[in-house]
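Chemist: model.txt (compact mmCIF, C-alpha atoms) pasted underneath:
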```txt
# COMPACT_ATOMS: atom_id res chain seq x y z
CA MET A 1 96.82 101.95 80.92
CA LEU A 2 93.72 100.33 82.46
CA LYS A 3 90.54 99.54 80.58
CA ILE A 4 87.59 97.92 82.30
CA GLU A 5 85.03 96.91 79.67
CA HIS A 6 81.52 95.83 80.70
CA LEU A 7 82.76 94.03 83.81
CA THR A 8 80.20 91.81 85.53
CA LYS A 9 80.94 89.75 88.63
CA LYS A 10 78.29 87.56 90.27
CA TYR A 11 78.03 85.85 93.64
CA GLY A 12 75.23 83.35 93.03
CA VAL A 13 72.37 85.39 91.56
CA LYS A 14 73.63 88.67 93.02
CA ARG A 15 75.56 90.99 90.69
CA ALA A 16 78.32 92.48 92.79
CA ILE A 17 79.56 94.32 89.68
CA ASP A 18 77.05 95.12 86.95
CA ASP A 19 78.30 96.10 83.47
CA LEU A 20 81.09 98.38 84.72
CA SER A 21 83.29 100.27 82.24
CA ILE A 22 86.12 102.61 83.29
CA HIS A 23 89.14 103.81 81.31
CA ILE A 24 92.28 105.13 83.03
CA GLU A 25 95.01 106.80 81.01
CA LYS A 26 98.73 106.95 81.70
CA GLY A 27 99.58 109.61 84.23
CA GLU A 28 96.17 109.67 85.91
CA VAL A 29 95.28 109.40 89.59
CA TYR A 30 91.80 107.89 89.48
CA GLY A 31 89.64 107.65 92.59
CA PHE A 32 86.97 105.00 93.15
CA ILE A 33 84.18 105.96 95.55
CA GLY A 34 81.18 104.15 96.97
CA HIS A 35 79.58 103.02 100.22
CA ASN A 36 80.52 99.79 101.98
CA GLY A 37 79.37 96.87 99.85
CA ALA A 38 79.07 98.92 96.66
CA GLY A 39 81.53 96.67 94.81
CA LYS A 40 84.80 98.58 95.06
CA THR A 41 86.94 95.78 96.51
CA THR A 42 85.44 93.21 94.14
CA THR A 43 86.35 95.46 91.21
CA LEU A 44 89.92 95.96 92.42
CA LYS A 45 90.44 92.24 93.01
CA SER A 46 89.13 91.52 89.50
CA ILE A 47 91.55 94.04 88.01
CA VAL A 48 94.60 92.42 89.59
CA GLY A 49 93.56 88.86 88.78
CA ILE A 50 92.53 87.65 92.24
CA LEU A 51 88.88 87.14 91.27
CA ASN A 52 87.50 85.65 88.10
CA PHE A 53 84.53 87.39 86.50
CA GLU A 54 81.67 86.18 84.35
CA GLU A 55 81.38 88.89 81.72
CA GLY A 56 83.45 91.70 80.26
CA GLU A 57 87.20 92.20 79.98
CA ILE A 58 90.01 94.02 81.74
CA PHE A 59 93.10 95.25 79.90
CA ILE A 60 96.34 96.32 81.58
CA ASP A 61 98.55 98.28 79.20
CA GLY A 62 96.80 96.57 76.29
CA ARG A 63 96.99 93.02 77.72
CA SER A 64 94.04 90.96 78.96
CA ILE A 65 94.17 90.01 82.63
CA LYS A 66 92.25 86.84 81.69
CA LYS A 67 94.44 85.75 78.78
CA GLU A 68 97.85 87.07 79.92
CA PRO A 69 97.68 87.22 83.72
CA LEU A 70 101.40 86.89 84.43
CA GLU A 71 102.36 89.58 81.92
CA CYS A 72 99.77 91.89 83.48
CA LYS A 73 100.81 91.17 87.05
CA ARG A 74 104.45 91.97 86.28
CA ILE A 75 103.52 95.62 85.79
CA ILE A 76 100.93 95.91 88.58
CA ALA A 77 101.25 96.59 92.28
CA TYR A 78 98.26 95.89 94.51
CA ILE A 79 97.66 96.93 98.10
CA PRO A 80 94.49 95.46 99.67
CA ASP A 81 92.58 97.22 102.43
CA ASN A 82 94.13 94.92 105.04
CA PRO A 83 97.49 93.67 103.72
CA ASP A 84 98.38 90.14 104.80
CA LEU A 85 102.11 90.24 105.46
CA TYR A 86 104.33 87.39 106.66
CA ASP A 87 104.65 88.15 110.37
CA TYR A 88 107.52 85.71 110.87
CA MET A 89 109.71 87.65 108.40
CA THR A 90 111.63 90.80 109.18
CA GLY A 91 110.69 93.87 107.18
CA ILE A 92 113.82 93.71 105.04
CA LYS A 93 113.35 90.00 104.29
CA TYR A 94 109.79 90.68 103.17
CA LEU A 95 110.86 93.52 100.85
CA ASN A 96 113.63 91.38 99.38
CA PHE A 97 111.12 88.56 98.92
CA ILE A 98 108.89 90.90 96.90
CA ALA A 99 111.90 92.16 94.94
CA ASP A 100 112.89 88.55 94.17
CA ILE A 101 109.41 87.81 92.81
CA TYR A 102 109.69 90.74 90.41
CA GLN A 103 113.35 89.95 89.63
CA ILE A 104 114.60 93.38 90.69
CA ASP A 105 118.36 93.80 90.51
CA GLU A 106 120.36 94.37 93.68
CA THR A 107 121.15 98.03 93.06
CA THR A 108 117.58 99.03 92.24
CA ARG A 109 116.07 97.18 95.19
CA ARG A 110 118.65 98.50 97.65
CA ASN A 111 118.19 102.10 96.49
CA ASN A 112 114.39 101.94 96.47
CA ILE A 113 114.11 100.17 99.83
CA GLU A 114 116.39 102.73 101.44
CA LYS A 115 114.65 105.66 99.76
CA TYR A 116 111.09 104.74 100.74
CA ALA A 117 111.82 103.18 104.14
CA LYS A 118 113.68 106.30 105.23
CA ALA A 119 110.92 108.52 103.85
CA PHE A 120 108.32 106.57 105.87
CA GLU A 121 110.69 106.57 108.87
CA ILE A 122 110.73 102.79 109.34
CA TYR A 123 114.23 102.09 108.01
CA PRO A 124 115.68 101.08 111.42
CA ALA A 125 112.67 98.81 112.03
CA LEU A 126 113.29 96.72 108.92
CA VAL A 127 115.50 94.36 110.93
CA GLN A 128 112.60 93.60 113.30
CA PRO A 129 109.96 90.90 112.70
CA ILE A 130 106.77 92.16 111.09
CA ALA A 131 104.83 90.66 114.01
CA SER A 132 106.18 93.49 116.16
CA TYR A 133 104.92 96.21 113.79
CA SER A 134 101.91 98.41 114.47
CA HIS A 135 99.09 98.53 111.92
CA GLY A 136 100.48 101.80 110.54
CA MET A 137 103.97 100.34 110.15
CA LYS A 138 102.56 97.33 108.30
CA GLN A 139 100.69 99.67 105.97
CA LYS A 140 103.91 101.58 105.28
CA LEU A 141 105.76 98.32 104.57
CA ALA A 142 103.02 97.30 102.11
CA LEU A 143 103.30 100.66 100.36
CA ILE A 144 107.06 100.32 100.04
CA SER A 145 106.63 96.83 98.57
CA ALA A 146 104.32 98.31 95.93
CA TRP A 147 106.76 100.99 94.86
CA ILE A 148 110.08 99.10 94.88
CA HIS A 149 109.56 97.17 91.65
CA GLU A 150 108.57 100.33 89.74
CA PRO A 151 105.23 99.13 88.30
CA LYS A 152 103.20 100.89 85.63
CA LEU A 153 99.88 100.60 87.47
CA ILE A 154 99.26 100.74 91.22
CA VAL A 155 95.89 99.56 92.54
CA MET A 156 95.09 100.37 96.17
CA ASP A 157 92.11 99.68 98.43
CA GLU A 158 91.73 102.40 101.10
CA PRO A 159 95.49 103.13 101.25
CA PHE A 160 95.22 105.99 103.76
CA VAL A 161 93.61 103.92 106.53
CA GLY A 162 95.99 103.54 109.46
CA LEU A 163 98.49 106.14 108.27
CA ASP A 164 99.45 109.10 110.44
CA PRO A 165 99.14 112.61 108.93
CA LYS A 166 102.81 112.79 107.96
CA ALA A 167 102.72 109.41 106.21
CA SER A 168 99.46 110.36 104.47
CA HIS A 169 101.06 113.52 103.14
CA LEU A 170 104.07 111.53 101.92
CA LEU A 171 101.84 108.99 100.16
CA LYS A 172 99.99 111.78 98.34
CA GLN A 173 103.33 113.16 97.13
CA MET A 174 104.47 109.70 96.03
CA MET A 175 101.24 109.18 94.10
CA LYS A 176 101.58 112.51 92.31
CA GLU A 177 105.25 111.86 91.46
CA PHE A 178 104.48 108.34 90.24
CA CYS A 179 101.85 109.62 87.81
CA LEU A 180 103.96 112.56 86.66
CA ASN A 181 106.51 109.94 85.60
CA GLY A 182 103.93 108.15 83.46
CA GLY A 183 102.42 105.67 85.91
CA SER A 184 98.72 105.31 86.71
CA ILE A 185 96.94 104.86 90.03
CA PHE A 186 93.45 103.49 90.69
CA PHE A 187 92.43 103.55 94.34
CA SER A 188 89.33 103.37 96.48
CA THR A 189 88.77 105.74 99.34
CA HIS A 190 86.13 106.91 101.79
CA VAL A 191 88.08 110.13 102.42
CA LEU A 192 86.30 112.39 99.96
CA GLU A 193 88.48 115.41 100.74
CA VAL A 194 91.53 113.42 99.63
CA ALA A 195 89.82 112.33 96.43
CA GLU A 196 88.72 115.89 95.66
CA LYS A 197 92.21 117.33 96.06
CA LEU A 198 94.32 114.46 94.72
CA CYS A 199 92.47 112.81 91.86
CA ASP A 200 92.45 113.75 88.19
CA LYS A 201 89.23 111.75 87.73
CA ILE A 202 86.82 109.81 89.91
CA ALA A 203 84.16 107.14 89.50
CA ILE A 204 81.23 106.69 91.89
CA ILE A 205 79.74 103.21 92.17
CA LYS A 206 76.46 102.14 93.77
CA GLU A 207 75.24 98.55 94.09
CA GLY A 208 77.79 97.44 91.50
CA ARG A 209 76.80 100.02 88.89
CA LEU A 210 78.66 103.13 87.79
CA ILE A 211 76.50 106.17 88.56
CA SER A 212 78.91 109.04 87.88
CA PHE A 213 82.42 109.48 86.50
CA GLY A 214 84.74 112.08 84.99
CA THR A 215 87.06 114.84 86.14
CA ILE A 216 86.50 116.28 89.59
CA GLU A 217 84.99 119.40 88.02
CA GLU A 218 82.66 117.37 85.80
CA VAL A 219 81.37 115.28 88.68
CA LYS A 220 80.96 117.88 91.40
CA GLY A 221 80.36 121.14 89.50
CA ASP A 222 80.06 123.99 91.99
CA ALA A 223 79.19 121.70 94.91
CA SER A 224 81.53 119.76 97.16
CA LEU A 225 82.31 116.15 96.30
CA GLU A 226 80.74 115.11 99.61
CA ASP A 227 77.45 116.83 98.74
CA VAL A 228 77.38 115.26 95.27
CA PHE A 229 78.18 111.81 96.64
CA LEU A 230 75.44 111.98 99.27
CA GLU A 231 72.93 113.23 96.73
CA LEU A 232 73.73 110.40 94.32
CA GLU A 233 73.67 107.81 97.10
CA ASN A 234 70.22 108.95 98.24
CA LYS A 235 68.68 108.62 94.78
CA GLU A 236 66.69 105.48 94.04
```
Would you put the structure from the file into structure tokens?
Modeler:
Amino acid sequence: MLKIEHLTKKYGVKRAIDDLSIHIEKGEVYGFIGHNGAGKTTTLKSIVGILNFEEGEIFIDGRSIKKEPLECKRIIAYIPDNPDLYDYMTGIKYLNFIADIYQIDETTRRNNIEKYAKAFEIYPALVQPIASYSHGMKQKLALISAWIHEPKLIVMDEPFVGLDPKASHLLKQMMKEFCLNGGSIFFSTHVLEVAEKLCDKIAIIKEGRLISFGTIEEVKGDASLEDVFLELENKE
């Protein structure tokens, strides 16, 4: 579903991403771990076509994000670490705006909006302007907008930040269900306990380079993921 091949992204002479290769299959929840500034957000923005990159290639369901960006973006949903929503819109207008972009039919959008907004307990608030929403409510609205057009790949940057425990539990269930139905998820997180319990595979990045990857068992062995991460981070 997602193939990152020898990705290199530079800012001046600095290599924010250095020869990164990761493959994510259909049905996988794949976690992306690293300290602040390791290159996680740069990688995610490159995947979804926000950032250009100097070397390498990224394929979404067999299509190049460089050569066929629109075709790739039609089957992707992306949630940044701090979603920029249109505060002057109401929640329902924003969701319909997203549905219009992806040309979702009326029945599908209505059913999905109702399903996920009620699950996240913000359905009554959809008639209110987004400017009145708390950070957590905005995060929930962004998550709903990612799911309503039924993408094949969902890319998320720290999706659990700002969510209450109930919403976090719901998101984990949604992620599992999405991948059981053949979708794929690639997300960054600093919550290692979540990654350890939720992910099929993980990749650990340091200073733009991949330093460990594989199934949870392959990466952590008999130790905890936190112990392995700290050990790898402390190595020169």
Chemist: Which is closer to Lys152 in chain A than all the others in A:Asn181, A:Gln173, A:Ser168, A:Thr42, using only C-alpha atoms?
Modeler: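 The closest residue to Lys152 in chain A is A:Asn181.
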Chemist: State, in Å with one decimal place, the distance from CA of Tyr123 in chain A to CA of Tyr78 in chain A.
Modeler: 21.8 Å
Chemist: Select, from A:Arg110, A:Arg63, A:His169, A:His135, the residue with the minimum atom-to-atom distance to Val194 in chain A, counting all atoms listed in the file.
Modeler: A:His169
Chemist: Provide the CA of Ile130 in chain A to CA of Val29 in chain A distance in Å, to one decimal place.
Modeler: 29.9 Å
Chemist: Identify which of the residues A:Ile205, A:Leu70, A:Met89, A:Ile4 lies closest to Ile101 in chain A, counting all atoms listed in the file when measuring atom-to-atom distances.
Modeler: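 Closest to Ile101 in chain A of all the choices is A:Leu70.
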Chemist: Using all atoms listed in the file, determine which residues lie at most 7 Å from Ala99 in chain A, disregarding the query and same-chain residues fewer than 4 positions distant; provide the list as a ChimeraX atom specification.
Modeler: /A:95,103-104,109,149
Chemist: Using CA of Arg209 in chain A and CA of Asp19 in chain A as the two end points, give the distance in Å to one decimal.
Modeler: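 Distance reported for this atom pair: 6.9 Å.
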Chemist: Show me, as number ranges by chain, the residues that have an atom within 8 Å of Ile33 in chain A when counting all atoms listed in the file, minus same-chain residues fewer than 3 positions from it.
Modeler: A: 40, 188-190, 202-205
Chemist: Taking all atoms listed in the file into account, name the residue in A:Ala142, A:Asp61, A:Thr8, A:Asp227 that is nearest to Asp84 in chain A.
Modeler: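 Nearest to Asp84 in chain A: A:Ala142.
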Chemist: Rank A:Glu193, A:Glu207, A:Asp18, A:Asp105 by their smallest atom-to-atom distance to Glu150 in chain A, using only C-alpha atoms, and report the top residue only.
Modeler: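 Result for the nearest residue to Glu150 in chain A: A:Asp105.
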Chemist: Pick out the closest residue to Ala146 in chain A from this set: A:Ile24, A:Ile79, A:Val219, A:Leu230. Count all atoms listed in the file.
Modeler: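 Going through A:Ile24, A:Ile79, A:Val219, A:Leu230 one by one, the smallest distance to Ala146 in chain A is for A:Ile79.
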Chemist: Please list as a count of residues only every residue within 12 Å of Asn82 in chain A, counting all atoms listed in the file and excluding residues in the same chain fewer than 4 positions away.
Modeler: 16
Chemist: If we count all atoms listed in the file, what is near Ser212 in chain A at a cut-off of 12 Å, once residues fewer than 6 positions away on the same chain are taken out, given as a list of chain:residue names?
Modeler: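 Here the qualifying residues turn out to be A:Leu20, A:Ser21, A:Ile22, A:Gly31, A:Phe32, A:Ile33, A:Gly34, A:Lys201, A:Ile202, A:Ala203, A:Ile204, A:Ile205, A:Lys206, A:Glu218, A:Val219, A:Lys220, A:Leu225, A:Val228, A:Phe229, A:Glu231, A:Leu232, A:Glu233.
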Chemist: Would you kindly return, as a CSV table (one decimal) with C-alpha atoms, keeping the file's coordinate frame, each protein, DNA or RNA residue with an atom no farther than 7 Å from any atom of Ile144 in chain A, considering only C-alpha atoms and excluding same-chain residues fewer than 4 positions away?
Modeler:
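Contents of the output file part-v6.csv:
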```csv
chain,number,residue,atom,x,y,z
A,116,TYR,CA,111.1,104.7,100.7
A,117,ALA,CA,111.8,103.2,104.1
A,140,LYS,CA,103.9,101.6,105.3
A,148,ILE,CA,110.1,99.1,94.9
```
Chemist: Could you pull range 54-68 of chain A out of the block above and give me all heavy atoms, as a short mmCIF file (atom, residue, chain, number, x, y, z; two decimals), in the first residue's frame?
Modeler:
```
data_model
loop_
_atom_site.label_atom_id
_atom_site.label_comp_id
_atom_site.auth_asym_id
_atom_site.auth_seq_id
_atom_site.Cartn_x
_atom_site.Cartn_y
_atom_site.Cartn_z
N GLU A 54 14.28 15.50 -2.59
CA GLU A 54 15.35 15.53 -3.57
C GLU A 54 15.64 14.16 -4.19
O GLU A 54 15.94 14.05 -5.38
CB GLU A 54 16.65 16.07 -2.93
CG GLU A 54 16.63 17.57 -2.68
CD GLU A 54 15.75 17.96 -1.50
OE1 GLU A 54 15.49 17.10 -0.63
OE2 GLU A 54 15.31 19.12 -1.47
N GLU A 55 15.61 13.13 -3.38
CA GLU A 55 15.98 11.80 -3.86
C GLU A 55 14.97 10.76 -3.37
O GLU A 55 14.28 10.96 -2.38
CB GLU A 55 17.38 11.42 -3.35
CG GLU A 55 18.48 12.34 -3.81
CD GLU A 55 19.81 12.01 -3.17
OE1 GLU A 55 19.98 10.85 -2.71
OE2 GLU A 55 20.69 12.89 -3.11
N GLY A 56 14.92 9.65 -4.12
CA GLY A 56 14.03 8.56 -3.72
C GLY A 56 12.67 8.66 -4.37
O GLY A 56 12.40 9.51 -5.22
N GLU A 57 11.76 7.80 -3.92
CA GLU A 57 10.41 7.74 -4.48
C GLU A 57 9.45 7.23 -3.43
O GLU A 57 9.83 6.49 -2.50
CB GLU A 57 10.40 6.81 -5.71
CG GLU A 57 9.10 6.76 -6.47
CD GLU A 57 8.65 8.11 -6.99
OE1 GLU A 57 8.06 8.86 -6.18
OE2 GLU A 57 8.85 8.40 -8.18
N ILE A 58 8.21 7.65 -3.56
CA ILE A 58 7.13 7.19 -2.67
C ILE A 58 5.98 6.71 -3.53
O ILE A 58 5.52 7.44 -4.41
CB ILE A 58 6.66 8.33 -1.72
CG1 ILE A 58 7.80 8.75 -0.78
CG2 ILE A 58 5.45 7.88 -0.92
CD1 ILE A 58 7.48 9.97 0.05
N PHE A 59 5.53 5.50 -3.27
CA PHE A 59 4.43 4.90 -4.01
C PHE A 59 3.24 4.66 -3.09
O PHE A 59 3.39 4.09 -2.00
CB PHE A 59 4.85 3.58 -4.65
CG PHE A 59 5.96 3.70 -5.66
CD1 PHE A 59 7.28 3.45 -5.29
CD2 PHE A 59 5.69 4.07 -6.97
CE1 PHE A 59 8.31 3.57 -6.21
CE2 PHE A 59 6.72 4.20 -7.90
CZ PHE A 59 8.03 3.94 -7.52
N ILE A 60 2.06 5.10 -3.52
CA ILE A 60 0.81 4.87 -2.81
C ILE A 60 -0.03 3.92 -3.66
O ILE A 60 -0.45 4.30 -4.76
CB ILE A 60 0.02 6.18 -2.58
CG1 ILE A 60 0.93 7.28 -2.03
CG2 ILE A 60 -1.19 5.92 -1.69
CD1 ILE A 60 1.44 7.06 -0.65
N ASP A 61 -0.22 2.72 -3.19
CA ASP A 61 -0.98 1.72 -3.93
C ASP A 61 -0.46 1.58 -5.36
O ASP A 61 -1.22 1.50 -6.33
CB ASP A 61 -2.47 2.08 -3.94
CG ASP A 61 -3.37 0.88 -4.24
OD1 ASP A 61 -2.93 -0.27 -4.04
OD2 ASP A 61 -4.51 1.10 -4.70
N GLY A 62 0.86 1.60 -5.48
CA GLY A 62 1.50 1.40 -6.79
C GLY A 62 1.69 2.65 -7.62
O GLY A 62 2.29 2.59 -8.69
N ARG A 63 1.20 3.81 -7.15
CA ARG A 63 1.32 5.06 -7.91
C ARG A 63 2.34 5.98 -7.25
O ARG A 63 2.42 6.06 -6.02
CB ARG A 63 -0.03 5.78 -8.00
CG ARG A 63 -1.10 5.00 -8.76
CD ARG A 63 -2.41 5.76 -8.72
NE ARG A 63 -3.50 5.05 -9.39
CZ ARG A 63 -3.80 5.20 -10.67
NH1 ARG A 63 -3.11 6.05 -11.42
NH2 ARG A 63 -4.80 4.53 -11.21
N SER A 64 3.08 6.71 -8.05
CA SER A 64 4.10 7.64 -7.56
C SER A 64 3.46 8.94 -7.09
O SER A 64 2.69 9.56 -7.83
CB SER A 64 5.11 7.94 -8.67
OG SER A 64 5.89 9.07 -8.35
N ILE A 65 3.79 9.36 -5.87
CA ILE A 65 3.25 10.63 -5.38
C ILE A 65 3.83 11.80 -6.15
O ILE A 65 3.21 12.87 -6.24
CB ILE A 65 3.54 10.79 -3.86
CG1 ILE A 65 2.79 12.00 -3.27
CG2 ILE A 65 5.02 10.93 -3.59
CD1 ILE A 65 1.30 11.88 -3.27
N LYS A 66 5.00 11.62 -6.76
CA LYS A 66 5.60 12.67 -7.59
C LYS A 66 4.93 12.77 -8.96
O LYS A 66 4.63 13.86 -9.44
CB LYS A 66 7.10 12.41 -7.78
CG LYS A 66 7.98 12.92 -6.67
CD LYS A 66 9.44 12.79 -7.07
CE LYS A 66 10.36 13.49 -6.07
NZ LYS A 66 11.79 13.40 -6.49
N LYS A 67 4.69 11.62 -9.58
CA LYS A 67 4.20 11.61 -10.96
C LYS A 67 2.69 11.64 -11.05
O LYS A 67 2.13 12.13 -12.04
CB LYS A 67 4.74 10.38 -11.68
CG LYS A 67 6.26 10.36 -11.78
CD LYS A 67 6.76 9.07 -12.41
CE LYS A 67 8.28 9.04 -12.48
NZ LYS A 67 8.79 7.75 -13.02
N GLU A 68 2.00 11.10 -10.04
CA GLU A 68 0.52 11.04 -10.06
C GLU A 68 -0.03 11.53 -8.72
O GLU A 68 -0.72 10.80 -8.02
CB GLU A 68 0.05 9.62 -10.35
CG GLU A 68 0.54 9.05 -11.67
CD GLU A 68 0.07 7.62 -11.88
OE1 GLU A 68 0.80 6.70 -11.44
OE2 GLU A 68 -1.01 7.42 -12.46
#
```
